[in-house]
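Enquirer: Contents of query-v5.cif (mmCIF, C-alpha atoms) are given next:
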```cif
data_my_file
#
loop_
_atom_site.label_atom_id
_atom_site.label_comp_id
_atom_site.auth_asym_id
_atom_site.auth_seq_id
_atom_site.Cartn_x
_atom_site.Cartn_y
_atom_site.Cartn_z
CA MET A 1 24.97 18.16 4.27
CA ASN A 2 21.68 18.14 6.11
CA PRO A 3 19.44 15.26 5.10
CA SER A 4 16.39 16.18 3.04
CA LEU A 5 13.46 14.61 1.25
CA ASP A 6 11.40 15.61 -1.74
CA PHE A 7 7.73 15.27 -0.95
CA TYR A 8 5.88 14.71 -4.23
CA PHE A 9 2.19 15.30 -3.63
CA PHE A 10 -1.00 15.67 -5.61
CA ILE A 11 -4.08 17.48 -4.36
CA GLY A 12 -6.75 14.91 -5.04
CA SER A 13 -4.94 11.94 -3.54
CA THR A 14 -6.71 10.66 -0.44
CA TYR A 15 -3.81 9.26 1.61
CA THR A 16 -1.91 12.49 0.95
CA TYR A 17 -4.19 13.99 3.62
CA LEU A 18 -2.11 12.16 6.20
CA SER A 19 1.23 13.29 4.80
CA VAL A 20 0.19 16.91 4.35
CA ASN A 21 -0.63 16.92 8.05
CA ARG A 22 2.28 14.99 9.48
CA ALA A 23 5.26 14.77 7.10
CA GLU A 24 6.78 18.13 7.96
CA ALA A 25 6.64 17.59 11.72
CA VAL A 26 7.98 14.03 11.53
CA ALA A 27 10.79 15.04 9.19
CA ALA A 28 11.69 18.05 11.35
CA ALA A 29 11.81 15.87 14.47
CA HIS A 30 14.50 13.84 12.69
CA GLY A 31 16.36 16.91 11.42
CA VAL A 32 15.30 16.14 7.85
CA GLY A 33 14.25 18.93 5.50
CA LEU A 34 11.15 18.53 3.35
CA ARG A 35 10.78 20.07 -0.11
CA TRP A 36 7.14 20.18 -1.19
CA GLN A 37 6.85 19.20 -4.86
CA PRO A 38 3.37 19.48 -6.35
CA PHE A 39 2.94 17.30 -9.44
CA ASN A 40 0.18 15.85 -11.55
CA ALA A 41 -0.14 12.29 -10.27
CA ARG A 42 -3.42 11.90 -12.13
CA SER A 43 -1.83 12.24 -15.56
CA ILE A 44 0.94 9.78 -14.67
CA MET A 45 -1.53 7.27 -13.24
CA LYS A 46 -3.82 7.51 -16.27
CA ALA A 47 -0.88 7.08 -18.65
CA GLN A 48 0.29 4.02 -16.67
CA ASN A 49 -3.21 2.54 -16.46
CA ASN A 50 -2.83 2.66 -12.67
CA LEU A 51 -6.34 3.39 -11.43
CA PRO A 52 -6.50 1.90 -7.97
CA PHE A 53 -10.08 2.88 -7.06
CA ILE A 54 -12.15 3.51 -10.20
CA GLY A 55 -14.63 0.64 -10.52
CA LYS A 56 -13.24 -1.05 -7.39
CA PRO A 57 -15.81 -0.49 -4.64
CA VAL A 58 -14.43 -3.04 -2.17
CA LYS A 59 -10.90 -1.63 -2.34
CA THR A 60 -12.25 1.91 -2.21
CA ARG A 61 -14.33 1.17 0.91
CA TYR A 62 -11.25 -0.34 2.53
CA MET A 63 -9.13 2.69 1.62
CA TRP A 64 -11.44 5.06 3.47
CA ARG A 65 -11.61 2.80 6.50
CA ASP A 66 -7.84 2.40 6.56
CA LEU A 67 -7.36 6.14 6.14
CA GLU A 68 -9.74 6.77 9.05
CA ARG A 69 -7.87 4.35 11.30
CA ARG A 70 -4.48 5.78 10.30
CA ALA A 71 -5.71 9.36 10.89
CA LYS A 72 -6.81 8.34 14.39
CA ARG A 73 -3.43 6.75 15.05
CA TYR A 74 -1.69 10.02 14.16
CA GLY A 75 -4.14 12.29 15.97
CA ILE A 76 -5.30 13.79 12.67
CA PRO A 77 -9.02 14.65 12.61
CA PHE A 78 -11.28 12.66 10.30
CA ASN A 79 -14.88 13.60 9.63
CA GLY A 80 -16.31 10.89 7.41
CA ILE A 81 -15.74 10.23 3.74
CA PRO A 82 -15.26 13.53 1.86
CA PRO A 83 -16.20 14.25 -1.79
CA TYR A 84 -14.18 12.24 -4.31
CA PRO A 85 -12.77 12.61 -6.94
CA VAL A 86 -11.91 16.31 -6.86
CA ASP A 87 -10.15 19.16 -8.72
CA PRO A 88 -11.23 17.98 -12.21
CA ASP A 89 -9.46 20.88 -13.96
CA GLY A 90 -6.27 20.71 -11.90
CA LEU A 91 -6.77 24.28 -10.68
CA ALA A 92 -5.87 23.55 -7.05
CA GLY A 93 -2.82 21.66 -8.30
CA ARG A 94 -1.66 24.64 -10.32
CA VAL A 95 -2.24 27.00 -7.40
CA ALA A 96 0.02 24.68 -5.42
CA VAL A 97 2.71 25.31 -8.05
CA VAL A 98 2.26 29.06 -7.63
CA ALA A 99 2.40 28.62 -3.86
CA SER A 100 5.51 26.47 -4.14
CA ALA A 101 7.37 29.15 -6.12
CA ALA A 102 6.29 31.78 -3.58
CA GLY A 103 7.06 29.77 -0.44
CA TRP A 104 3.59 29.18 1.01
CA CYS A 105 2.89 25.71 -0.38
CA PRO A 106 2.66 23.86 2.97
CA ASP A 107 0.09 26.31 4.36
CA PHE A 108 -1.90 26.17 1.15
CA ALA A 109 -1.94 22.38 1.03
CA ARG A 110 -2.98 22.10 4.67
CA THR A 111 -5.80 24.62 4.15
CA ILE A 112 -7.09 22.82 1.06
CA TYR A 113 -6.97 19.40 2.72
CA ARG A 114 -8.58 20.64 5.93
CA ASP A 115 -11.47 22.18 4.02
CA TRP A 116 -11.78 19.05 1.90
CA PHE A 117 -11.64 16.44 4.64
CA LEU A 118 -13.26 18.33 7.50
CA GLU A 119 -15.69 20.70 5.75
CA GLY A 120 -16.50 18.64 2.67
CA LYS A 121 -15.32 21.36 0.27
CA ALA A 122 -13.90 19.67 -2.83
CA PRO A 123 -10.56 21.20 -3.87
CA GLY A 124 -10.56 23.14 -7.12
CA ASP A 125 -13.80 25.10 -6.82
CA PRO A 126 -12.85 28.68 -7.82
CA ASN A 127 -15.20 30.29 -5.27
CA ALA A 128 -13.83 28.19 -2.45
CA LEU A 129 -10.27 28.87 -3.64
CA GLN A 130 -10.96 32.59 -3.51
CA LYS A 131 -11.81 32.35 0.20
CA GLN A 132 -8.99 29.93 0.92
CA LEU A 133 -6.44 32.25 -0.68
CA GLU A 134 -7.88 35.23 1.22
CA SER A 135 -7.60 33.32 4.49
CA LEU A 136 -3.91 32.86 3.69
CA GLY A 137 -3.49 36.60 3.12
CA LYS A 138 -3.02 36.26 -0.64
CA ASP A 139 -4.61 38.20 -3.49
CA PRO A 140 -7.01 35.58 -4.91
CA GLN A 141 -7.47 37.28 -8.28
CA ALA A 142 -3.74 37.54 -8.91
CA VAL A 143 -2.99 34.01 -7.75
CA LEU A 144 -5.78 32.44 -9.80
CA GLU A 145 -4.66 34.32 -12.89
CA GLN A 146 -1.13 33.13 -12.34
CA ALA A 147 -2.37 29.56 -11.90
CA ASP A 148 -3.91 29.74 -15.36
CA SER A 149 -0.82 31.24 -17.00
CA PRO A 150 1.27 29.31 -19.53
CA ALA A 151 4.33 29.70 -17.30
CA ILE A 152 2.73 27.89 -14.37
CA ARG A 153 1.16 25.25 -16.60
CA THR A 154 4.59 24.59 -18.06
CA ARG A 155 6.15 24.46 -14.63
CA TYR A 156 3.52 21.95 -13.46
CA ASP A 157 4.24 19.79 -16.51
CA GLU A 158 7.96 19.99 -15.85
CA GLN A 159 7.46 19.00 -12.21
CA THR A 160 5.37 16.05 -13.39
CA GLN A 161 7.99 15.06 -15.94
CA ARG A 162 10.67 15.17 -13.24
CA ALA A 163 8.53 12.95 -11.00
CA LEU A 164 8.02 10.52 -13.87
CA GLU A 165 11.76 10.34 -14.51
CA LEU A 166 12.40 9.59 -10.84
CA GLY A 167 9.97 6.65 -11.02
CA VAL A 168 7.19 8.35 -9.05
CA PHE A 169 3.81 6.83 -9.93
CA GLY A 170 1.44 8.06 -7.21
CA SER A 171 0.94 10.41 -4.30
CA PRO A 172 2.28 10.82 -1.69
CA THR A 173 5.83 9.88 -2.62
CA PHE A 174 9.02 10.70 -0.76
CA VAL A 175 12.28 10.76 -2.69
CA ALA A 176 15.68 10.56 -1.02
CA GLY A 177 18.40 10.79 -3.66
CA ASP A 178 17.49 8.03 -6.13
CA GLU A 179 15.28 6.14 -3.70
CA VAL A 180 11.53 6.36 -4.10
CA PHE A 181 9.16 5.69 -1.19
CA TRP A 182 5.50 5.56 -2.08
CA GLY A 183 2.72 6.06 0.43
CA ASP A 184 2.26 7.89 3.69
CA ASP A 185 3.16 4.61 5.39
CA ARG A 186 6.67 4.78 3.94
CA LEU A 187 7.45 8.24 5.35
CA GLU A 188 9.48 6.80 8.20
CA ASP A 189 11.43 4.51 5.86
CA ALA A 190 12.22 7.51 3.65
CA ILE A 191 13.40 9.57 6.61
CA GLU A 192 15.67 6.76 7.76
CA TRP A 193 17.09 6.48 4.25
CA ALA A 194 17.70 10.22 3.94
CA LYS A 195 19.50 10.25 7.29
CA ALA A 196 21.66 7.25 6.41
CA GLN A 197 22.60 8.87 3.08
CA ALA A 198 23.64 12.11 4.76
CA ASN A 199 25.97 10.35 7.20
CA MET B 1 -10.33 -14.66 25.51
CA ASN B 2 -6.85 -14.55 24.03
CA PRO B 3 -6.53 -12.13 21.14
CA SER B 4 -6.19 -13.69 17.73
CA LEU B 5 -5.94 -12.78 14.07
CA ASP B 6 -6.92 -14.51 10.87
CA PHE B 7 -4.06 -14.38 8.39
CA TYR B 8 -5.54 -14.63 4.91
CA PHE B 9 -2.77 -15.43 2.49
CA PHE B 10 -2.31 -16.46 -1.12
CA ILE B 11 0.74 -18.28 -2.43
CA GLY B 12 1.60 -16.14 -5.44
CA SER B 13 1.39 -12.79 -3.67
CA THR B 14 4.77 -11.11 -3.47
CA TYR B 15 4.49 -9.09 -0.25
CA THR B 16 3.11 -12.20 1.46
CA TYR B 17 6.73 -13.38 1.52
CA LEU B 18 7.31 -10.90 4.34
CA SER B 19 4.26 -11.96 6.34
CA VAL B 20 4.89 -15.67 5.94
CA ASN B 21 8.29 -15.06 7.49
CA ARG B 22 7.44 -12.64 10.27
CA ALA B 23 3.72 -12.60 11.14
CA GLU B 24 3.78 -15.57 13.47
CA ALA B 25 6.75 -14.34 15.51
CA VAL B 26 5.45 -10.77 15.75
CA ALA B 27 1.97 -11.95 16.77
CA ALA B 28 3.38 -14.39 19.32
CA ALA B 29 5.55 -11.66 20.86
CA HIS B 30 2.29 -9.78 21.51
CA GLY B 31 0.44 -12.84 22.80
CA VAL B 32 -1.76 -12.86 19.71
CA GLY B 33 -2.69 -16.14 18.04
CA LEU B 34 -2.50 -16.45 14.26
CA ARG B 35 -4.84 -18.63 12.20
CA TRP B 36 -3.43 -19.28 8.73
CA GLN B 37 -6.21 -19.04 6.14
CA PRO B 38 -5.21 -19.93 2.60
CA PHE B 39 -7.57 -18.42 0.03
CA ASN B 40 -7.66 -17.66 -3.67
CA ALA B 41 -6.80 -13.98 -3.84
CA ARG B 42 -6.29 -14.26 -7.59
CA SER B 43 -9.92 -15.11 -8.30
CA ILE B 44 -11.15 -12.25 -6.08
CA MET B 45 -8.75 -9.77 -7.65
CA LYS B 46 -9.71 -10.81 -11.18
CA ALA B 47 -13.41 -10.54 -10.38
CA GLN B 48 -12.86 -7.07 -8.88
CA ASN B 49 -10.68 -5.92 -11.78
CA ASN B 50 -7.95 -5.29 -9.22
CA LEU B 51 -4.74 -6.11 -11.09
CA PRO B 52 -2.06 -3.99 -9.45
CA PHE B 53 0.93 -5.10 -11.53
CA ILE B 54 -0.19 -6.50 -14.89
CA GLY B 55 0.81 -3.99 -17.56
CA LYS B 56 2.25 -1.62 -14.94
CA PRO B 57 6.04 -1.88 -15.24
CA VAL B 58 6.88 1.22 -13.16
CA LYS B 59 4.72 0.15 -10.24
CA THR B 60 5.98 -3.43 -10.55
CA ARG B 61 9.60 -2.32 -10.47
CA TYR B 62 8.86 -0.23 -7.39
CA MET B 63 7.13 -3.16 -5.69
CA TRP B 64 10.22 -5.35 -5.95
CA ARG B 65 12.50 -2.59 -4.69
CA ASP B 66 10.17 -1.82 -1.79
CA LEU B 67 9.92 -5.51 -0.97
CA GLU B 68 13.71 -5.80 -0.98
CA ARG B 69 14.09 -2.83 1.38
CA ARG B 70 11.38 -4.12 3.69
CA ALA B 71 12.92 -7.60 3.77
CA LYS B 72 16.23 -6.06 4.79
CA ARG B 73 14.52 -4.04 7.51
CA TYR B 74 13.07 -7.25 8.96
CA GLY B 75 16.19 -9.35 8.54
CA ILE B 76 14.47 -11.57 5.98
CA PRO B 77 16.79 -12.75 3.19
CA PHE B 78 16.19 -11.46 -0.33
CA ASN B 79 17.95 -12.83 -3.35
CA GLY B 80 16.83 -10.74 -6.31
CA ILE B 81 13.55 -10.75 -8.16
CA PRO B 82 12.10 -14.29 -8.26
CA PRO B 83 9.90 -15.77 -11.02
CA TYR B 84 6.49 -14.11 -11.31
CA PRO B 85 3.58 -14.84 -11.69
CA VAL B 86 3.49 -18.36 -10.28
CA ASP B 87 1.22 -21.32 -9.48
CA PRO B 88 -0.97 -20.95 -12.58
CA ASP B 89 -3.16 -23.96 -11.69
CA GLY B 90 -3.50 -23.08 -8.01
CA LEU B 91 -1.91 -26.39 -6.99
CA ALA B 92 0.30 -24.89 -4.28
CA GLY B 93 -2.73 -23.01 -2.97
CA ARG B 94 -4.74 -26.22 -2.70
CA VAL B 95 -1.87 -28.01 -0.99
CA ALA B 96 -1.94 -25.14 1.52
CA VAL B 97 -5.59 -26.02 2.18
CA VAL B 98 -4.63 -29.65 2.78
CA ALA B 99 -1.82 -28.46 5.05
CA SER B 100 -4.15 -26.14 6.91
CA ALA B 101 -6.58 -28.96 7.69
CA ALA B 102 -3.69 -31.15 8.85
CA GLY B 103 -1.90 -28.52 10.94
CA TRP B 104 1.32 -27.98 8.95
CA CYS B 105 0.34 -24.94 6.94
CA PRO B 106 2.93 -22.50 8.38
CA ASP B 107 5.83 -24.87 7.67
CA PHE B 108 4.53 -25.53 4.18
CA ALA B 109 4.09 -21.84 3.35
CA ARG B 110 7.56 -20.96 4.65
CA THR B 111 9.12 -23.79 2.60
CA ILE B 112 7.34 -22.74 -0.58
CA TYR B 113 8.22 -19.08 -0.15
CA ARG B 114 11.84 -19.82 0.73
CA ASP B 115 12.27 -21.97 -2.37
CA TRP B 116 10.50 -19.34 -4.46
CA PHE B 117 12.34 -16.25 -3.24
CA LEU B 118 15.74 -17.71 -2.46
CA GLU B 119 16.07 -20.59 -4.94
CA GLY B 120 13.97 -19.23 -7.79
CA LYS B 121 11.62 -22.26 -7.77
CA ALA B 122 8.18 -21.06 -8.83
CA PRO B 123 5.45 -22.44 -6.53
CA GLY B 124 3.08 -24.96 -8.06
CA ASP B 125 5.49 -27.09 -10.06
CA PRO B 126 4.47 -30.70 -9.25
CA ASN B 127 8.05 -32.00 -9.27
CA ALA B 128 9.22 -29.28 -6.90
CA LEU B 129 6.17 -29.84 -4.70
CA GLN B 130 7.05 -33.53 -4.47
CA LYS B 131 10.45 -32.66 -2.97
CA GLN B 132 9.05 -29.90 -0.80
CA LEU B 133 6.46 -32.25 0.69
CA GLU B 134 9.11 -34.92 1.24
CA SER B 135 11.31 -32.40 3.04
CA LEU B 136 8.37 -31.76 5.38
CA GLY B 137 8.02 -35.50 6.09
CA LYS B 138 4.77 -35.83 4.15
CA ASP B 139 3.69 -38.41 1.59
CA PRO B 140 3.81 -36.35 -1.63
CA GLN B 141 1.62 -38.69 -3.64
CA ALA B 142 -1.15 -38.73 -1.04
CA VAL B 143 -1.03 -34.98 -0.45
CA LEU B 144 -1.06 -34.10 -4.15
CA GLU B 145 -4.01 -36.43 -4.74
CA GLN B 146 -5.85 -34.84 -1.87
CA ALA B 147 -5.06 -31.36 -3.26
CA ASP B 148 -6.82 -32.36 -6.47
CA SER B 149 -9.84 -33.87 -4.74
CA PRO B 150 -13.31 -32.27 -4.98
CA ALA B 151 -13.40 -31.94 -1.19
CA ILE B 152 -10.29 -29.76 -1.06
CA ARG B 153 -11.33 -27.75 -4.11
CA THR B 154 -14.65 -27.05 -2.42
CA ARG B 155 -12.94 -26.13 0.80
CA TYR B 156 -10.65 -23.70 -1.03
CA ASP B 157 -13.68 -22.09 -2.70
CA GLU B 158 -15.43 -21.82 0.67
CA GLN B 159 -12.37 -20.19 2.24
CA THR B 160 -12.26 -17.73 -0.66
CA GLN B 161 -15.97 -17.01 -0.30
CA ARG B 162 -15.50 -16.34 3.41
CA ALA B 163 -12.65 -13.95 2.65
CA LEU B 164 -14.82 -12.18 0.08
CA GLU B 165 -17.63 -11.78 2.60
CA LEU B 166 -15.21 -10.28 5.12
CA GLY B 167 -14.13 -7.67 2.56
CA VAL B 168 -10.73 -9.21 1.88
CA PHE B 169 -9.47 -8.21 -1.58
CA GLY B 170 -5.78 -9.10 -1.58
CA SER B 171 -2.96 -10.91 0.19
CA PRO B 172 -1.72 -10.69 2.86
CA THR B 173 -4.72 -9.61 4.91
CA PHE B 174 -5.14 -9.77 8.66
CA VAL B 175 -8.65 -9.89 10.09
CA ALA B 176 -9.46 -9.05 13.70
CA GLY B 177 -13.16 -9.51 14.30
CA ASP B 178 -14.80 -7.37 11.61
CA GLU B 179 -11.71 -5.26 10.95
CA VAL B 180 -9.70 -5.92 7.83
CA PHE B 181 -6.04 -4.93 7.56
CA TRP B 182 -4.48 -5.32 4.14
CA GLY B 183 -0.77 -5.59 3.54
CA ASP B 184 2.24 -6.79 5.46
CA ASP B 185 2.72 -3.18 6.55
CA ARG B 186 -0.57 -3.31 8.47
CA LEU B 187 0.39 -6.34 10.58
CA GLU B 188 1.24 -4.20 13.59
CA ASP B 189 -2.01 -2.22 13.30
CA ALA B 190 -3.95 -5.50 13.17
CA ILE B 191 -2.18 -6.85 16.22
CA GLU B 192 -2.94 -3.68 18.17
CA TRP B 193 -6.57 -3.93 17.14
CA ALA B 194 -6.83 -7.60 18.15
CA LYS B 195 -5.33 -6.83 21.55
CA ALA B 196 -7.63 -3.84 22.15
CA GLN B 197 -10.65 -5.99 21.23
CA ALA B 198 -9.68 -8.74 23.63
CA ASN B 199 -9.40 -6.35 26.59
#
```
Written as structure tokens, that's how I'd like the structure from this file.

Expert:
Amino acid sequence: MNPSLDFYFFIGSTYTYLSVNRAEAVAAAHGVGLRWQPFNARSIMKAQNNLPFIGKPVKTRYMWRDLERRAKRYGIPFNGIPPYPVDPDGLAGRVAVVASAAGWCPDFARTIYRDWFLEGKAPGDPNALQKQLESLGKDPQAVLEQADSPAIRTRYDEQTQRALELGVFGSPTFVAGDEVFWGDDRLEDAIEWAKAQAN
Amino acid sequence: MNPSLDFYFFIGSTYTYLSVNRAEAVAAAHGVGLRWQPFNARSIMKAQNNLPFIGKPVKTRYMWRDLERRAKRYGIPFNGIPPYPVDPDGLAGRVAVVASAAGWCPDFARTIYRDWFLEGKAPGDPNALQKQLESLGKDPQAVLEQADSPAIRTRYDEQTQRALELGVFGSPTFVAGDEVFWGDDRLEDAIEWAKAQAN
């Protein structure tokens, strides 16, 4: 069986910018498949009282600086601190669920993160989403309606429940079998694990 | 000027087990000097409301598993989850300040962490410290008295204040000039930075 990883991600997580831009290429270079799994990290983190940045200015300042340095290390562009927090209604997250079912989740996530980090456009704004979906050749009206449908809301909740059951508590997280690897900086560990499992 | 790093560490931090065991060798292999700087991470974290594990069982469980995997990766022994939290009165931390002034801080920290992680002896117990200091060829009585002296308490507070001013908010942290690198998993980034600065 070819090794593979589940990539649990949440649009709104800052470090996920790195993974959205590099995880697929790194995994592919190792012959590891990547399944993009959008989930609602915010609801899990709130429920677990795990709020790493709210009311923590020193740690928050460090996070941006560390993210900037890590982006540079990976050759990923960084253009200053973008708006934060974002996607208050979870709309971009639900569009990611639509995209996941339809097979264009990676392109969608990269578009959203590029606009967020490089153009300062906070994910989740319906007008911006309209243009972003158009740029991906999708019908914005249809996609946004789907994203608000009970079926997609339920699917998002189910994805989140599955993440919770696996022990996922933040984004990005890579899951290889039963093993959970949290953080962009554990991508390589996760890939190693997935490869060792498949052998 | 030879490149060097300040290694801010707190006895009581879990991931610091990895750094205490590998930072000096990794830095030396790169020609980078390491200055061991004991400080009171607990007081900074409390003041900043940065309590990553208290009341967070899922994240705590992950932390131990991640630490175990990382220890294995580095060839550092791991013997199950040790007692936690530890050193409630900060005694081991203050002995580290005494040790730092006298030049035997690395040996002391490695002894404490080995006994903690491999023998299950929580740091800070006066009876255990007595034996630990003896095993290092020190006069336990004299060292423990010094650790309780106003001079060492003041020095510990000053170290902690210096860490705070640098933007240090947890342990382990590596500081190269003005750059702060938090976490054992940023050791290599910090070493690179220190080397680039020195050139």

Enquirer: Applying the PyMOL selection byres ((chain B and resi 78-91) around 6) to the file I just gave you, which residues come out? Please list them as an mmCIF file with C-alpha atoms, keeping the file's coordinate frame.

Expert:
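Written out: selection19.cif:
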```
data_model
loop_
_atom_site.group_PDB
_atom_site.id
_atom_site.type_symbol
_atom_site.label_atom_id
_atom_site.label_comp_id
_atom_site.auth_asym_id
_atom_site.auth_seq_id
_atom_site.Cartn_x
_atom_site.Cartn_y
_atom_site.Cartn_z
ATOM 1 C CA GLY B 12 1.600 -16.140 -5.440
ATOM 2 C CA PRO B 77 16.790 -12.750 3.190
ATOM 3 C CA ALA B 92 0.300 -24.890 -4.280
ATOM 4 C CA GLY B 93 -2.730 -23.010 -2.970
ATOM 5 C CA ARG B 94 -4.740 -26.220 -2.700
ATOM 6 C CA PHE B 117 12.340 -16.250 -3.240
ATOM 7 C CA LEU B 118 15.740 -17.710 -2.460
ATOM 8 C CA GLY B 120 13.970 -19.230 -7.790
ATOM 9 C CA ALA B 122 8.180 -21.060 -8.830
ATOM 10 C CA PRO B 123 5.450 -22.440 -6.530
ATOM 11 C CA GLY B 124 3.080 -24.960 -8.060
#
```

Enquirer: Report as a tab-separated table: every residue of chain B with an atom at most 7 Å from chain A, its closest pair of atoms, and their distance in Å to one decimal, counting all atoms listed in the file, with rows sorted by chain and ascending residue number.

Expert:
```
residue	atom	partner	partner_atom	distance
B:Gln48	CA	A:Lys56	CA	6.2
B:Lys56	CA	A:Gln48	CA	6.2
B:Val58	CA	A:Gly167	CA	6.6
B:Lys59	CA	A:Phe169	CA	6.7
B:Gly167	CA	A:Val58	CA	6.6
B:Phe169	CA	A:Lys59	CA	6.8
```

Enquirer: Apply the PyMOL selection byres ((chain B and resi 145-156) around 8) to the file shown and report the selected residues as an MDAnalysis selection string.

Expert: chainID B and resid 38:40 91 94:95 97:98 141:144 157:160

Enquirer: One number please: CA of Arg114 (chain A) to CA of Leu18 (chain A), in Å, one decimal.

Expert: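 Going from CA of Arg114 (chain A) over to CA of Leu18 (chain A), I get 10.7 Å.
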
Enquirer: Figure out the distance between CA of Ala190 (chain A) and CA of Gln161 (chain A), please, to one decimal in Å.

Expert: 21.4 Å

Enquirer: Find the spatial neighbours of Asp184 (chain A), counting all atoms listed in the file, within a cut-off of 9 Å - ignore same-chain residues fewer than 5 positions away - and output them as a PyMOL selection string.

Expert: chain A and resi 15-19+23+171-174

Enquirer: Hey, can you check how far CA of Ile76 (chain A) sits from CA of Trp104 (chain A)?

Expert: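 Computed distance, CA of Ile76 (chain A) to CA of Trp104 (chain A), equals 21.3 Å.
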
Enquirer: Got a sec to resolve the PyMOL selection byres ((chain B and resi 1) around 10) on this structure and send the residues as a count of residues only?

Expert: 6

Enquirer: Compile the contact shell of Phe7 (chain B) as a ChimeraX atom specification: residues with an atom at most 7 Å away, counting only C-alpha atoms, same-chain residues fewer than 3 positions apart removed.

Expert: /B:34-37,173-175

Enquirer: With all atoms listed in the file as the atoms that count, which of B:Gly33, B:Asn21, B:Thr111, B:Ser100 lies nearest to Lys195 (chain B)?

Expert: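 Closest to Lys195 (chain B) of all the choices is B:Gly33.
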
Enquirer: Axis-aligned box over every listed atom of region 110-114 of chain A, padded by 5 Å per side: centre and edges in Å to one decimal, as JSON?

Expert:
```
{"center_x": -5.8, "center_y": 22.0, "center_z": 3.5, "size_x": 15.6, "size_y": 15.2, "size_z": 14.9}
```
